[in-house]
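Colleague: Take this structure, written in structure tokens, and hold onto it; I'll ask about it next.
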Amino acid sequence: MMFELDSKLAADTFSIARLGLCDLRLMNDRRWPWLILVPQRPNICEIHEMTPLDQTMLTFEAGIAAQALKTVVNCEKINTAAIGNIVRQLHLHVIARNSGDPAWPGPVWGFGKREPYEEKEAKAFANAILKAI
């Protein structure tokens, strides 16, 4: 079976790069610097469904993404989560947070109205992340 990206993830994110295991993506909401890691494995909803090697790779790639995000935006905190209540396909959120951001200290999900990136701005941010990786 071939891997296929969930249509909601495809619609809500920009592709940045393919890492060893994951598709690294940028959430199209400029209120928070927000990366998404999607393991390129079909029919996986939960981390525990992955092989031990894939679990290790996911952790490694999440660390790389978090460090790149921290380098680019110099945030106070990185939130990492695999929720999957709306989109069942396994994906990991890596979000830069700062005290005083619009949703602080609560979660970003469901807070306010999304503010999409301008395409040029999204590309510049994605390039900065790639350079930091």
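Going through the structure tokens in order, the chains are called A, B, and so on, while each chain numbers its residues from 1 and the ligands are numbered from 1 in the order shown.
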With only C-alpha atoms as the counted atoms, please give the residues lying no more than 10 Å from range 103-115 of chain A, apart from itself and same-chain residues fewer than 2 positions off, as an MDAnalysis selection string.
Modeller: chainID A and resid 28:32 34 79 95 97:101 117:118
Colleague: Among the residues of chain A, find those DSSP assigns to strand (DSSP E or B) from the backbone and print them as an MDAnalysis selection string.
Modeller: chainID A and resid 13:18 22:27 34:39 77:81 92:97
Colleague: I need the residues from that last selection saved to file as a PDB file, in the first residue's frame (with C-alpha atoms), if you can.
Modeller:
```pdb
ATOM      1  CA  THR A  13      -0.024  23.058   5.137  1.00  0.00           C
ATOM      2  CA  PHE A  14       2.859  23.854   2.804  1.00  0.00           C
ATOM      3  CA  SER A  15       5.490  21.243   2.013  1.00  0.00           C
ATOM      4  CA  ILE A  16       8.973  22.146   3.229  1.00  0.00           C
ATOM      5  CA  ALA A  17      11.046  18.988   2.687  1.00  0.00           C
ATOM      6  CA  ARG A  18      11.095  15.236   2.844  1.00  0.00           C
ATOM      7  CA  CYS A  22       8.686  12.329   7.549  1.00  0.00           C
ATOM      8  CA  ASP A  23       7.252  14.905   5.242  1.00  0.00           C
ATOM      9  CA  LEU A  24       8.087  18.213   6.949  1.00  0.00           C
ATOM     10  CA  ARG A  25       5.323  20.768   6.456  1.00  0.00           C
ATOM     11  CA  LEU A  26       4.433  24.317   7.550  1.00  0.00           C
ATOM     12  CA  MET A  27       0.980  24.925   9.004  1.00  0.00           C
ATOM     13  CA  TRP A  34       4.065  25.721  13.405  1.00  0.00           C
ATOM     14  CA  LEU A  35       5.643  22.713  11.743  1.00  0.00           C
ATOM     15  CA  ILE A  36       4.001  19.379  11.003  1.00  0.00           C
ATOM     16  CA  LEU A  37       5.862  16.081  10.641  1.00  0.00           C
ATOM     17  CA  VAL A  38       3.978  13.357   8.771  1.00  0.00           C
ATOM     18  CA  PRO A  39       5.600   9.898   8.816  1.00  0.00           C
ATOM     19  CA  LYS A  77       8.940  27.131  24.351  1.00  0.00           C
ATOM     20  CA  ILE A  78       8.380  24.378  21.794  1.00  0.00           C
ATOM     21  CA  ASN A  79       5.106  22.443  22.048  1.00  0.00           C
ATOM     22  CA  THR A  80       5.204  18.983  20.470  1.00  0.00           C
ATOM     23  CA  ALA A  81       2.039  16.908  20.183  1.00  0.00           C
ATOM     24  CA  LEU A  92       3.280  15.487  14.865  1.00  0.00           C
ATOM     25  CA  HIS A  93       2.810  19.185  15.629  1.00  0.00           C
ATOM     26  CA  VAL A  94       5.933  21.194  16.521  1.00  0.00           C
ATOM     27  CA  ILE A  95       4.853  24.695  17.534  1.00  0.00           C
ATOM     28  CA  ALA A  96       6.883  27.707  18.689  1.00  0.00           C
ATOM     29  CA  ARG A  97       5.292  29.471  21.673  1.00  0.00           C
TER      30      ARG A  97
END
```
Colleague: Based on DSSP run over this structure's backbone, return all residues of range 21-106 of chain A in alpha helix (DSSP H), as a list in words.
Modeller: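 Everything in range 21-106 of chain A that counts as alpha helix (DSSP H) is Pro52, Leu53, Asp54, Gln55, Thr56, Met57, Leu58, Thr59, Phe60, Glu61, Ala62, Gly63, Ile64, Ala65, Ala66, Gln67, Ala68, Leu69, Lys70, Thr71, Val72 and Val73 of chain A.
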Colleague: Keeping only C-alpha atoms, write the selected residues to a file as a PDB file, in the first residue's frame.
Modeller:
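Result file selection-v2.pdb:
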```
ATOM      1  CA  PRO A  52      10.604   0.695  16.904  1.00  0.00           C
ATOM      2  CA  LEU A  53      13.001   2.015  14.232  1.00  0.00           C
ATOM      3  CA  ASP A  54      10.338   4.355  12.820  1.00  0.00           C
ATOM      4  CA  GLN A  55       9.505   5.548  16.341  1.00  0.00           C
ATOM      5  CA  THR A  56      13.183   6.370  16.846  1.00  0.00           C
ATOM      6  CA  MET A  57      13.367   8.182  13.508  1.00  0.00           C
ATOM      7  CA  LEU A  58      10.237  10.188  14.337  1.00  0.00           C
ATOM      8  CA  THR A  59      11.757  11.282  17.653  1.00  0.00           C
ATOM      9  CA  PHE A  60      15.029  12.189  15.924  1.00  0.00           C
ATOM     10  CA  GLU A  61      13.305  14.174  13.163  1.00  0.00           C
ATOM     11  CA  ALA A  62      11.038  15.932  15.690  1.00  0.00           C
ATOM     12  CA  GLY A  63      14.174  17.030  17.539  1.00  0.00           C
ATOM     13  CA  ILE A  64      15.728  18.360  14.340  1.00  0.00           C
ATOM     14  CA  ALA A  65      12.536  20.244  13.455  1.00  0.00           C
ATOM     15  CA  ALA A  66      12.209  21.679  16.972  1.00  0.00           C
ATOM     16  CA  GLN A  67      15.829  22.860  17.017  1.00  0.00           C
ATOM     17  CA  ALA A  68      15.466  24.476  13.590  1.00  0.00           C
ATOM     18  CA  LEU A  69      12.261  26.218  14.687  1.00  0.00           C
ATOM     19  CA  LYS A  70      13.912  27.454  17.889  1.00  0.00           C
ATOM     20  CA  THR A  71      16.892  28.743  15.877  1.00  0.00           C
ATOM     21  CA  VAL A  72      14.726  30.567  13.335  1.00  0.00           C
ATOM     22  CA  VAL A  73      12.220  32.222  15.686  1.00  0.00           C
TER      23      VAL A  73
END
```
Colleague: Write out as number ranges by chain which residues come within 7 Å of Ile44 in chain A when counting only C-alpha atoms, dropping same-chain ones fewer than 4 positions away.
Modeller: A: 49, 89-90
Colleague: Just the number, please: distance in Å from CA of Gln40 in chain A to CA of Cys75 in chain A, one decimal.
Modeller: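 About the pair CA of Gln40 in chain A and CA of Cys75 in chain A: they are 28.1 Å apart.
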Colleague: A:Glu121, A:Cys45, A:Gly20, A:Ala132: which is nearest Ile86 in chain A, counting only C-alpha atoms?
Modeller: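 Comparing A:Glu121, A:Cys45, A:Gly20, A:Ala132 against Ile86 in chain A, the winner is A:Cys45.
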Colleague: For CA of Asn43 in chain A and CA of Ile129 in chain A, determine how far apart the two atoms are, in Å to one decimal place.
Modeller: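 Pair CA of Asn43 in chain A / CA of Ile129 in chain A returns 28.0 Å.
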Colleague: As an exercise, work out the distance from CA of Leu5 in chain A to CA of Leu19 in chain A in Å and give it to one decimal place.
Modeller: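 We find that CA of Leu5 in chain A and CA of Leu19 in chain A lie 14.8 Å from each other.
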